[in-house]
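Listing of input.txt, compact mmCIF, C-alpha atoms and all ligand atoms
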```
# COMPACT_ATOMS: atom_id res chain seq x y z
CA MET A 18 138.25 87.13 306.77
CA GLN A 19 136.77 85.59 303.70
CA ALA A 20 137.67 87.06 300.31
CA ALA A 21 134.70 88.24 298.28
CA GLN A 22 133.69 85.65 295.69
CA PRO A 23 133.78 86.92 292.12
CA ARG A 24 130.18 87.11 290.94
CA LEU A 25 129.52 84.52 288.27
CA PRO A 26 127.45 85.73 285.36
CA GLU A 27 123.77 84.81 285.67
CA PRO A 28 122.98 81.85 283.42
CA ARG A 29 121.20 82.84 280.23
CA LEU A 30 118.74 80.02 280.58
CA ILE A 31 117.46 78.46 283.77
CA VAL A 32 115.14 75.47 283.69
CA ASP A 33 113.91 74.89 287.20
CA HIS A 34 112.18 71.63 288.23
CA LEU A 35 110.25 71.35 285.00
CA SER A 36 107.61 68.66 284.54
CA ARG A 37 105.03 67.65 281.97
CA SER A 38 102.60 64.73 281.84
CA PHE A 39 100.50 63.34 279.03
CA GLY A 40 97.52 61.19 279.97
CA GLY A 41 98.75 60.80 283.54
CA ARG A 42 102.25 59.69 282.47
CA ALA A 43 105.18 61.92 283.48
CA VAL A 44 107.09 62.50 280.25
CA VAL A 45 109.33 65.23 281.68
CA ASP A 46 109.94 64.67 285.36
CA ASP A 47 111.65 67.32 287.49
CA VAL A 48 114.18 68.49 284.92
CA SER A 49 116.56 71.30 285.87
CA LEU A 50 119.26 72.90 283.70
CA GLU A 51 121.38 76.03 283.55
CA VAL A 52 123.04 77.25 280.38
CA ALA A 53 125.41 80.23 280.24
CA ALA A 54 125.93 82.51 277.23
CA GLY A 55 128.15 80.84 274.65
CA GLN A 56 127.67 77.41 276.22
CA VAL A 57 126.19 74.30 274.63
CA THR A 58 124.21 71.83 276.71
CA CYS A 59 123.19 68.61 275.00
CA LEU A 60 120.07 66.78 276.08
CA LEU A 61 121.09 63.24 275.25
CA GLY A 62 118.99 60.15 275.63
CA PRO A 63 117.10 57.33 273.92
CA SER A 64 113.98 57.82 271.84
CA GLY A 65 110.96 58.82 273.90
CA CYS A 66 112.87 59.97 276.99
CA GLY A 67 111.38 63.48 276.86
CA LYS A 68 114.06 65.53 275.08
CA SER A 69 111.82 67.22 272.51
CA THR A 70 109.09 67.82 275.07
CA THR A 71 111.60 69.65 277.27
CA LEU A 72 112.76 71.72 274.32
CA ARG A 73 109.21 72.57 273.28
CA MET A 74 108.45 73.94 276.73
CA ILE A 75 111.60 76.11 276.64
CA ALA A 76 110.53 77.34 273.20
CA GLY A 77 107.07 78.14 274.53
CA VAL A 78 105.10 75.96 272.13
CA ASP A 79 104.10 73.72 275.03
CA ARG A 80 103.29 74.60 278.64
CA PRO A 81 104.80 72.86 281.66
CA ASP A 82 102.60 71.35 284.36
CA GLY A 83 105.14 72.38 286.97
CA GLY A 84 108.40 74.27 287.32
CA ARG A 85 109.74 77.48 285.84
CA ILE A 86 111.83 78.70 282.91
CA LEU A 87 113.88 81.89 283.09
CA ILE A 88 115.74 83.66 280.28
CA ASP A 89 118.24 86.29 281.40
CA GLY A 90 116.61 86.25 284.80
CA ALA A 91 113.07 86.92 283.51
CA GLU A 92 110.45 84.23 284.03
CA VAL A 93 109.01 83.13 280.69
CA ALA A 94 107.11 80.12 282.02
CA GLY A 95 105.89 79.32 285.50
CA PRO A 96 102.76 79.03 287.56
CA GLY A 97 100.33 81.46 285.98
CA ARG A 98 102.88 82.79 283.51
CA HIS A 99 103.34 81.99 279.82
CA VAL A 100 105.34 84.27 277.53
CA PRO A 101 104.57 83.37 273.90
CA PRO A 102 107.43 81.96 271.80
CA GLU A 103 107.92 85.11 269.73
CA HIS A 104 108.61 87.16 272.88
CA ARG A 105 111.15 84.79 274.43
CA SER A 106 114.21 85.61 272.32
CA VAL A 107 114.67 81.98 271.35
CA GLY A 108 115.90 80.70 268.00
CA LEU A 109 114.73 77.32 266.76
CA MET A 110 116.36 74.78 264.51
CA PHE A 111 114.83 71.41 263.88
CA GLN A 112 115.60 68.46 261.64
CA ASP A 113 112.86 69.40 259.17
CA PHE A 114 113.88 73.03 259.30
CA ALA A 115 111.71 73.96 256.26
CA LEU A 116 112.85 77.18 254.70
CA PHE A 117 110.08 79.19 253.07
CA PRO A 118 110.18 77.77 249.53
CA HIS A 119 108.75 80.86 247.81
CA LEU A 120 111.25 83.24 249.43
CA THR A 121 114.86 83.80 248.37
CA VAL A 122 117.76 83.03 250.68
CA THR A 123 118.01 86.72 251.61
CA GLU A 124 114.28 86.94 252.32
CA ASN A 125 114.41 83.76 254.40
CA VAL A 126 117.26 85.07 256.55
CA ALA A 127 115.66 88.53 256.87
CA PHE A 128 112.29 87.04 257.81
CA GLY A 129 112.42 87.58 261.57
CA LEU A 130 114.32 90.88 261.42
CA LYS A 131 112.89 94.24 262.39
CA GLY A 132 114.24 97.74 261.84
CA ASP A 133 115.23 99.69 258.76
CA ARG A 134 116.06 97.98 255.53
CA ALA A 135 119.75 98.92 255.44
CA ALA A 136 120.36 97.49 258.92
CA ARG A 137 118.45 94.31 258.06
CA MET A 138 120.46 93.81 254.88
CA ARG A 139 123.72 94.37 256.76
CA ARG A 140 122.77 91.62 259.21
CA VAL A 141 121.75 89.27 256.37
CA ASP A 142 125.05 89.86 254.53
CA GLU A 143 127.02 89.35 257.73
CA LEU A 144 125.32 86.03 258.42
CA LEU A 145 125.49 84.73 254.86
CA GLU A 146 129.21 85.45 254.91
CA ARG A 147 129.52 83.69 258.26
CA VAL A 148 127.89 80.53 256.86
CA THR A 149 129.98 80.92 253.66
CA LEU A 150 126.97 81.53 251.42
CA SER A 151 127.73 85.06 250.25
CA GLY A 152 126.44 85.32 246.70
CA PHE A 153 123.59 82.85 247.33
CA GLY A 154 121.14 85.57 248.45
CA ALA A 155 119.01 85.60 245.29
CA LYS A 156 118.63 81.82 245.06
CA HIS A 157 115.57 79.89 246.19
CA PRO A 158 115.79 76.94 248.62
CA HIS A 159 115.16 74.31 245.93
CA GLN A 160 118.35 75.47 244.17
CA LEU A 161 120.46 74.61 247.24
CA SER A 162 121.96 71.36 248.51
CA GLY A 163 120.85 69.93 251.86
CA GLY A 164 123.94 71.28 253.59
CA GLU A 165 123.46 74.73 252.07
CA GLN A 166 119.82 74.78 253.17
CA GLN A 167 120.92 73.83 256.65
CA ARG A 168 123.31 76.77 256.76
CA VAL A 169 120.58 79.15 255.57
CA ALA A 170 118.35 77.80 258.34
CA LEU A 171 121.11 78.51 260.84
CA ALA A 172 121.54 82.05 259.50
CA ARG A 173 117.78 82.60 259.69
CA ALA A 174 117.55 81.35 263.26
CA LEU A 175 120.50 83.51 264.34
CA ALA A 176 119.51 86.69 262.51
CA PRO A 177 117.43 88.27 265.32
CA ARG A 178 120.27 87.53 267.79
CA PRO A 179 118.29 85.16 270.02
CA LYS A 180 119.54 84.79 273.58
CA VAL A 181 118.85 81.08 273.49
CA MET A 182 119.12 78.69 270.56
CA LEU A 183 117.12 75.47 270.69
CA MET A 184 118.17 72.74 268.30
CA ASP A 185 116.37 69.41 267.94
CA GLU A 186 118.42 66.83 266.04
CA PRO A 187 119.29 69.57 263.53
CA PHE A 188 121.97 67.57 261.73
CA SER A 189 120.29 64.19 261.44
CA GLY A 190 119.05 64.80 257.89
CA LEU A 191 122.60 65.30 256.59
CA ASP A 192 125.00 62.67 255.39
CA ASN A 193 127.90 61.81 257.67
CA ARG A 194 130.72 63.65 256.02
CA LEU A 195 128.77 66.85 255.50
CA ARG A 196 127.57 66.69 259.06
CA ASP A 197 130.95 66.99 260.78
CA GLY A 198 131.79 70.17 258.88
CA ILE A 199 128.42 71.76 259.51
CA ARG A 200 128.49 70.88 263.19
CA ASP A 201 131.81 72.61 263.63
CA THR A 202 130.78 75.71 261.65
CA THR A 203 127.54 75.93 263.61
CA LEU A 204 129.35 75.63 266.91
CA ASP A 205 131.87 78.35 265.99
CA ILE A 206 129.10 80.76 265.03
CA LEU A 207 126.98 80.07 268.11
CA LYS A 208 130.01 80.63 270.36
CA ASP A 209 130.88 83.87 268.56
CA GLU A 210 127.34 85.13 268.95
CA GLY A 211 127.31 84.27 272.66
CA THR A 212 124.08 82.31 272.34
CA ALA A 213 123.11 79.80 275.02
CA VAL A 214 122.41 76.56 273.20
CA VAL A 215 120.31 73.54 274.08
CA LEU A 216 120.92 70.80 271.55
CA VAL A 217 118.81 67.66 271.54
CA THR A 218 120.33 64.48 270.19
CA HIS A 219 120.15 60.74 270.69
CA GLU A 220 123.67 60.27 269.31
CA PRO A 221 126.40 60.15 271.94
CA ASP A 222 129.07 61.01 269.34
CA GLU A 223 127.26 64.21 268.45
CA ALA A 224 126.87 65.16 272.11
CA MET A 225 130.54 64.41 272.85
CA ARG A 226 131.57 66.54 269.89
CA MET A 227 129.30 69.52 270.48
CA ALA A 228 128.59 69.83 274.18
CA ASP A 229 130.18 71.79 276.96
CA GLU A 230 127.79 69.89 279.17
CA ILE A 231 125.84 66.72 278.55
CA ALA A 232 122.56 66.11 280.36
CA LEU A 233 121.82 62.42 280.02
CA MET A 234 118.05 61.76 280.11
CA ARG A 235 116.13 58.57 280.74
CA GLY A 236 112.41 58.18 281.36
CA GLY A 237 111.81 61.92 281.63
CA ARG A 238 114.60 62.54 284.14
CA ILE A 239 118.15 63.78 283.92
CA VAL A 240 120.14 60.87 285.32
CA GLN A 241 123.57 62.47 284.99
CA SER A 242 125.03 65.73 283.79
CA GLY A 243 128.51 67.09 283.39
CA ALA A 244 131.32 67.72 280.94
CA PRO A 245 131.56 65.05 278.20
CA TYR A 246 134.79 63.71 279.72
CA ASN A 247 133.15 63.17 283.10
CA VAL A 248 129.94 61.66 281.79
CA TYR A 249 131.90 59.22 279.63
CA ASN A 250 134.50 58.31 282.23
CA THR A 251 132.41 58.24 285.40
CA PRO A 252 128.98 56.92 284.39
CA VAL A 253 126.41 56.81 287.20
CA ASP A 254 125.19 53.35 286.32
CA LYS A 255 125.52 50.52 283.84
CA ALA A 256 122.93 51.97 281.45
CA ALA A 257 124.75 55.32 281.41
CA ALA A 258 127.99 53.51 280.52
CA ALA A 259 126.21 51.47 277.86
CA PHE A 260 124.68 54.54 276.25
CA PHE A 261 128.10 55.70 275.02
CA SER A 262 129.59 52.43 273.79
CA ASP A 263 129.25 48.69 273.86
CA ILE A 264 130.18 47.38 277.27
CA ASN A 265 131.45 44.16 278.76
CA VAL A 266 130.09 42.94 282.06
CA ILE A 267 131.97 40.66 284.43
CA ARG A 268 129.67 39.41 287.15
CA GLY A 269 131.07 38.79 290.63
CA THR A 270 130.10 38.54 294.28
CA SER A 271 131.28 40.98 296.92
CA ARG A 272 132.86 39.53 300.06
CA GLY A 273 134.50 41.69 302.67
CA ALA A 274 134.37 44.73 300.33
CA LEU A 275 136.27 42.79 297.66
CA THR A 276 134.99 41.11 294.53
CA GLU A 277 137.18 38.35 293.16
CA THR A 278 137.17 37.84 289.41
CA PRO A 279 139.41 35.82 287.10
CA PHE A 280 141.03 39.17 286.24
CA GLY A 281 141.90 39.85 289.86
CA ALA A 282 140.16 41.36 292.86
CA PHE A 283 138.23 44.65 292.78
CA LEU A 284 137.48 46.89 295.72
CA THR A 285 133.72 46.99 296.19
CA PRO A 286 133.22 49.11 299.30
CA GLY A 287 129.68 49.57 300.50
CA GLN A 288 128.50 46.29 299.01
CA GLU A 289 127.00 43.74 301.38
CA ASP A 290 128.59 40.32 301.64
CA GLY A 291 127.06 38.13 298.97
CA ALA A 292 125.83 41.06 296.87
CA ALA A 293 126.11 40.55 293.11
CA VAL A 294 128.39 43.11 291.48
CA ASP A 295 128.90 44.04 287.84
CA ILE A 296 132.37 45.06 286.75
CA VAL A 297 131.82 47.04 283.55
CA ILE A 298 134.52 47.70 280.97
CA ARG A 299 134.45 49.21 277.49
CA PRO A 300 135.86 47.07 274.63
CA GLN A 301 138.84 49.40 274.07
CA HIS A 302 140.01 48.80 277.63
CA LEU A 303 140.08 45.05 277.29
CA LYS A 304 143.62 44.23 276.18
CA ILE A 305 144.92 41.16 274.42
CA ASP A 306 148.04 40.04 276.28
CA PHE A 307 150.33 39.36 273.33
CA ASP A 308 153.54 39.67 275.38
CA ARG A 309 152.90 36.84 277.76
CA ALA A 310 150.44 34.96 275.61
CA GLY A 311 150.23 31.34 276.63
CA ARG A 312 153.03 31.75 279.15
CA GLY A 313 150.63 31.89 282.00
CA PRO A 314 149.22 34.44 284.34
CA ASN A 315 151.42 37.19 285.67
CA PRO A 316 149.47 39.72 287.70
CA THR A 317 150.29 43.43 287.59
CA PRO A 318 148.70 46.07 289.80
CA GLN A 319 147.14 47.95 286.91
CA GLU A 320 146.21 45.17 284.56
CA GLY A 321 145.55 42.43 287.05
CA THR A 322 145.61 38.82 286.00
CA PRO A 323 145.16 37.67 282.43
CA ALA A 324 142.35 35.23 281.66
CA SER A 325 142.08 33.09 278.57
CA GLY A 326 139.31 32.94 276.04
CA SER A 327 138.78 31.53 272.60
CA VAL A 328 137.85 33.67 269.63
CA ILE A 329 134.20 33.43 268.55
CA ARG A 330 134.47 35.94 265.71
CA ALA A 331 136.54 38.90 264.62
CA ARG A 332 135.36 41.82 262.54
CA TYR A 333 137.29 44.64 260.90
CA LEU A 334 135.63 48.06 261.25
CA GLY A 335 138.24 50.27 259.59
CA ARG A 336 139.85 52.07 262.49
CA GLU A 337 139.65 49.03 264.76
CA SER A 338 138.88 45.36 264.87
CA LEU A 339 136.31 43.90 267.23
CA VAL A 340 137.18 40.47 268.58
CA GLU A 341 134.60 38.47 270.52
CA PHE A 342 135.80 35.87 273.00
CA ARG A 343 134.20 32.96 274.83
CA MET A 344 135.91 33.10 278.21
CA ALA A 345 137.32 29.87 279.67
CA PHE A 346 136.38 30.76 283.24
CA ASP A 347 132.60 30.81 282.82
CA GLY A 348 131.70 30.66 279.14
CA SER A 349 130.63 34.32 279.08
CA THR A 350 131.31 36.54 276.08
CA LEU A 351 133.68 39.50 276.17
CA THR A 352 134.48 41.83 273.28
CA ALA A 353 137.83 43.54 272.82
CA SER A 354 138.50 46.39 270.45
CA VAL A 355 141.95 46.26 268.88
CA PRO A 356 143.36 49.19 266.86
CA GLY A 357 143.90 48.41 263.16
CA VAL A 358 143.58 45.03 261.55
CA PHE A 359 143.56 42.02 263.83
CA LEU A 360 141.49 39.10 262.64
CA PRO A 361 142.38 35.92 264.53
CA LYS A 362 140.62 32.74 263.41
CA PRO A 363 137.65 31.45 265.42
CA GLY A 364 138.87 29.01 268.05
CA THR A 365 142.21 30.77 268.58
CA VAL A 366 142.99 30.90 272.30
CA LEU A 367 144.35 34.23 273.57
CA TRP A 368 144.92 35.83 276.97
CA LEU A 369 143.01 38.95 277.91
CA MET A 370 143.67 41.60 280.51
CA ILE A 371 141.52 44.48 281.61
CA ARG A 372 142.54 48.04 282.37
CA ARG A 373 141.57 48.01 286.02
CA ASP A 374 141.61 51.82 286.23
CA ARG A 375 138.99 51.93 283.46
CA CYS A 376 136.53 49.56 285.08
CA PHE A 377 133.26 50.74 286.60
CA VAL A 378 131.80 48.83 289.51
CA PHE A 379 128.02 48.78 289.98
CA PRO A 380 125.64 46.72 292.07
CA ALA A 381 124.03 44.16 289.75
CA LYS A 382 120.34 44.71 289.15
N1 LIG B 401 101.41 65.82 272.71
C1 LIG B 401 101.63 64.60 273.23
N2 LIG B 401 100.63 63.83 273.65
C2 LIG B 401 100.85 62.62 274.21
N3 LIG B 401 102.07 62.07 274.36
C3 LIG B 401 103.12 62.79 273.95
C4 LIG B 401 102.97 64.09 273.36
N4 LIG B 401 104.21 64.57 273.07
C5 LIG B 401 105.07 63.60 273.42
N5 LIG B 401 104.45 62.53 273.95
C6 LIG B 401 105.07 61.32 274.48
O1 LIG B 401 106.06 61.70 275.40
C7 LIG B 401 107.20 60.88 275.31
C8 LIG B 401 108.42 61.74 275.08
O2 LIG B 401 108.36 62.33 273.80
P1 LIG B 401 109.53 63.23 273.22
O3 LIG B 401 109.11 63.67 271.88
O4 LIG B 401 109.85 64.29 274.21
O5 LIG B 401 110.72 62.20 273.14
P2 LIG B 401 112.20 62.38 272.57
O6 LIG B 401 113.13 62.14 273.70
O7 LIG B 401 112.30 63.67 271.85
O8 LIG B 401 112.32 61.14 271.56
P3 LIG B 401 112.96 61.06 270.07
O9 LIG B 401 114.44 60.84 270.27
O10 LIG B 401 112.33 59.84 269.51
O11 LIG B 401 112.64 62.32 269.33
C9 LIG B 401 106.92 59.90 274.19
O12 LIG B 401 106.52 58.69 274.76
C10 LIG B 401 105.80 60.55 273.41
O13 LIG B 401 105.00 59.59 272.82
MG MG B 402 112.52 64.18 269.83
```
Please re-express this file's structure in structure tokens.
Ligand SMILES: Nc1ncnc2c1ncn2[C@@H]1O[C@H](COP(=O)(O)OP(=O)(O)OP(=O)(O)O)[C@@H](O)[C@H]1O
Ligand SMILES: [Mg+2]
Amino acid sequence: MQAAQPRLPEPRLIVDHLSRSFGGRAVVDDVSLEVAAGQVTCLLGPSGCGKSTTLRMIAGVDRPDGGRILIDGAEVAGPGRHVPPEHRSVGLMFQDFALFPHLTVTENVAFGLKGDRAARMRRVDELLERVTLSGFGAKHPHQLSGGEQQRVALARALAPRPKVMLMDEPFSGLDNRLRDGIRDTTLDILKDEGTAVVLVTHEPDEAMRMADEIALMRGGRIVQSGAPYNVYNTPVDKAAAAFFSDINVIRGTSRGALTETPFGAFLTPGQEDGAAVDIVIRPQHLKIDFDRAGRGPNPTPQEGTPASGSVIRARYLGRESLVEFRMAFDGSTLTASVPGVFLPKPGTVLWLMIRRDRCFVFPAK
């Protein structure tokens, strides 16, 4: 007999086969998502891929051409149905989050709140404390720094306890160092409040840092979704790999389900004989073989065979150095990332190995 499955909680937000066209062009094309309470899903993708359009339909400021949106099981958008934004229990935070300039911090945060005054003020105080701005209530927005304004905007969006929080590049107006702190604070608060979050960003670092799940978009479609670890480490195609970091490509030809390269042979099952194959590797997984340098190839199962290249240029980036090589075997360029300072002179010949377990194999297009 089969044991009863524990019932999973219904997702807070369900986006079901959503689509939207402008002038006959599909800008959002069959997008589906589920976000549970307290979870953050990042819509990640290049400019113009349809992230904001998706978010605007969830918010209710734009209407889908097809598909449905449900919040806590209730349909808020679908064929013949459109619940206006103010009745969807969604909070919004955008890059140009414009606080009301003529209202104080307290009045800004209290803006969307209903109920008696004492209860509203309790909620305002609670939130200002949460964003560490207690004592700022009487100030006006122009008296606050960018980071402080951002935290007021967060408090304002959260005040009515929205079920779903929609954030469109909310941190991109802040300078780098401020941003990390505010991201973490924001995440803590959203988790505490049990809000389902959809965060739009075109920065992979931000998505990796914030997301429980990343939905990678391209041309209006979600091409891959999953936990940051999975999306980074098992990209669906070369472009998905390249979206997260620079990549190196070693071109080969599959024969008998094997592709021979100067770094050793790779299994390429499912590829026809003669099919061009791209072996893709991130710069941090290309290793300089200092131990056996110049003493010739010495294959290992994990690292394969070293191949030699001569340094084109080396740059120091602080945490790492990037060294570009012209490879002896075919004149192609490969870039290795080396921790710390390593700045070999152009023309220096070194041996490189690749972490075979970190390579991705794709059919060449
Ligand atoms: N109201 C509209 N009318 C016509 N075209 C639109 C409209 N809104 C968006 N588009 C087009 O749809 C495409 C997707 O736009 P969207 O704003 O969703 O992109 P995005 O992924 O948010 O990009 P970015 O990272 O630059 O903000 C773009 O090509 C845009 O020009
Ligand atoms: Mg956008």
>> So the first atom is atom CA of A:Arg238 and the second is atom CA of A:Ile88; what is the distance between them in Å, to one decimal place?
In response: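 Distance between the two atoms: 21.5 Å.
Selection of all polymer residues within 12 Å of ligand MG 402 (chain B) on the basis of all atoms listed in the file gives A:Val44, A:Leu60, A:Leu61, A:Gly62, A:Pro63, A:Ser64, A:Gly65, A:Cys66, A:Gly67, A:Lys68, A:Ser69, A:Thr70, A:Thr71, A:Leu72, A:Arg73, A:Phe111, A:Gln112, A:Asp113, A:Met184, A:Asp185, A:Glu186, A:Pro187, A:Ser189, A:Leu216, A:Val217, A:Thr218, A:His219, A:Glu220, A:Met234.
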> Could you state the separation of atom CA of A:Ala172 and atom CA of A:Ala213 in Å, given to one decimal place?
Replying inline: 15.8 Å
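In this model, the gap between atom CA of A:Pro300 and atom CA of A:Ala381 comes to 19.4 Å.
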> Residues at most 7 Å from A:Ala54, counting only C-alpha atoms, excluding those fewer than 5 positions away in the same chain, as a list of chain:residue names?
Replying inline: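 So, after excluding close chain neighbours, the residues are A:Pro28, A:Arg29, A:Gly211, A:Thr212, A:Ala213.
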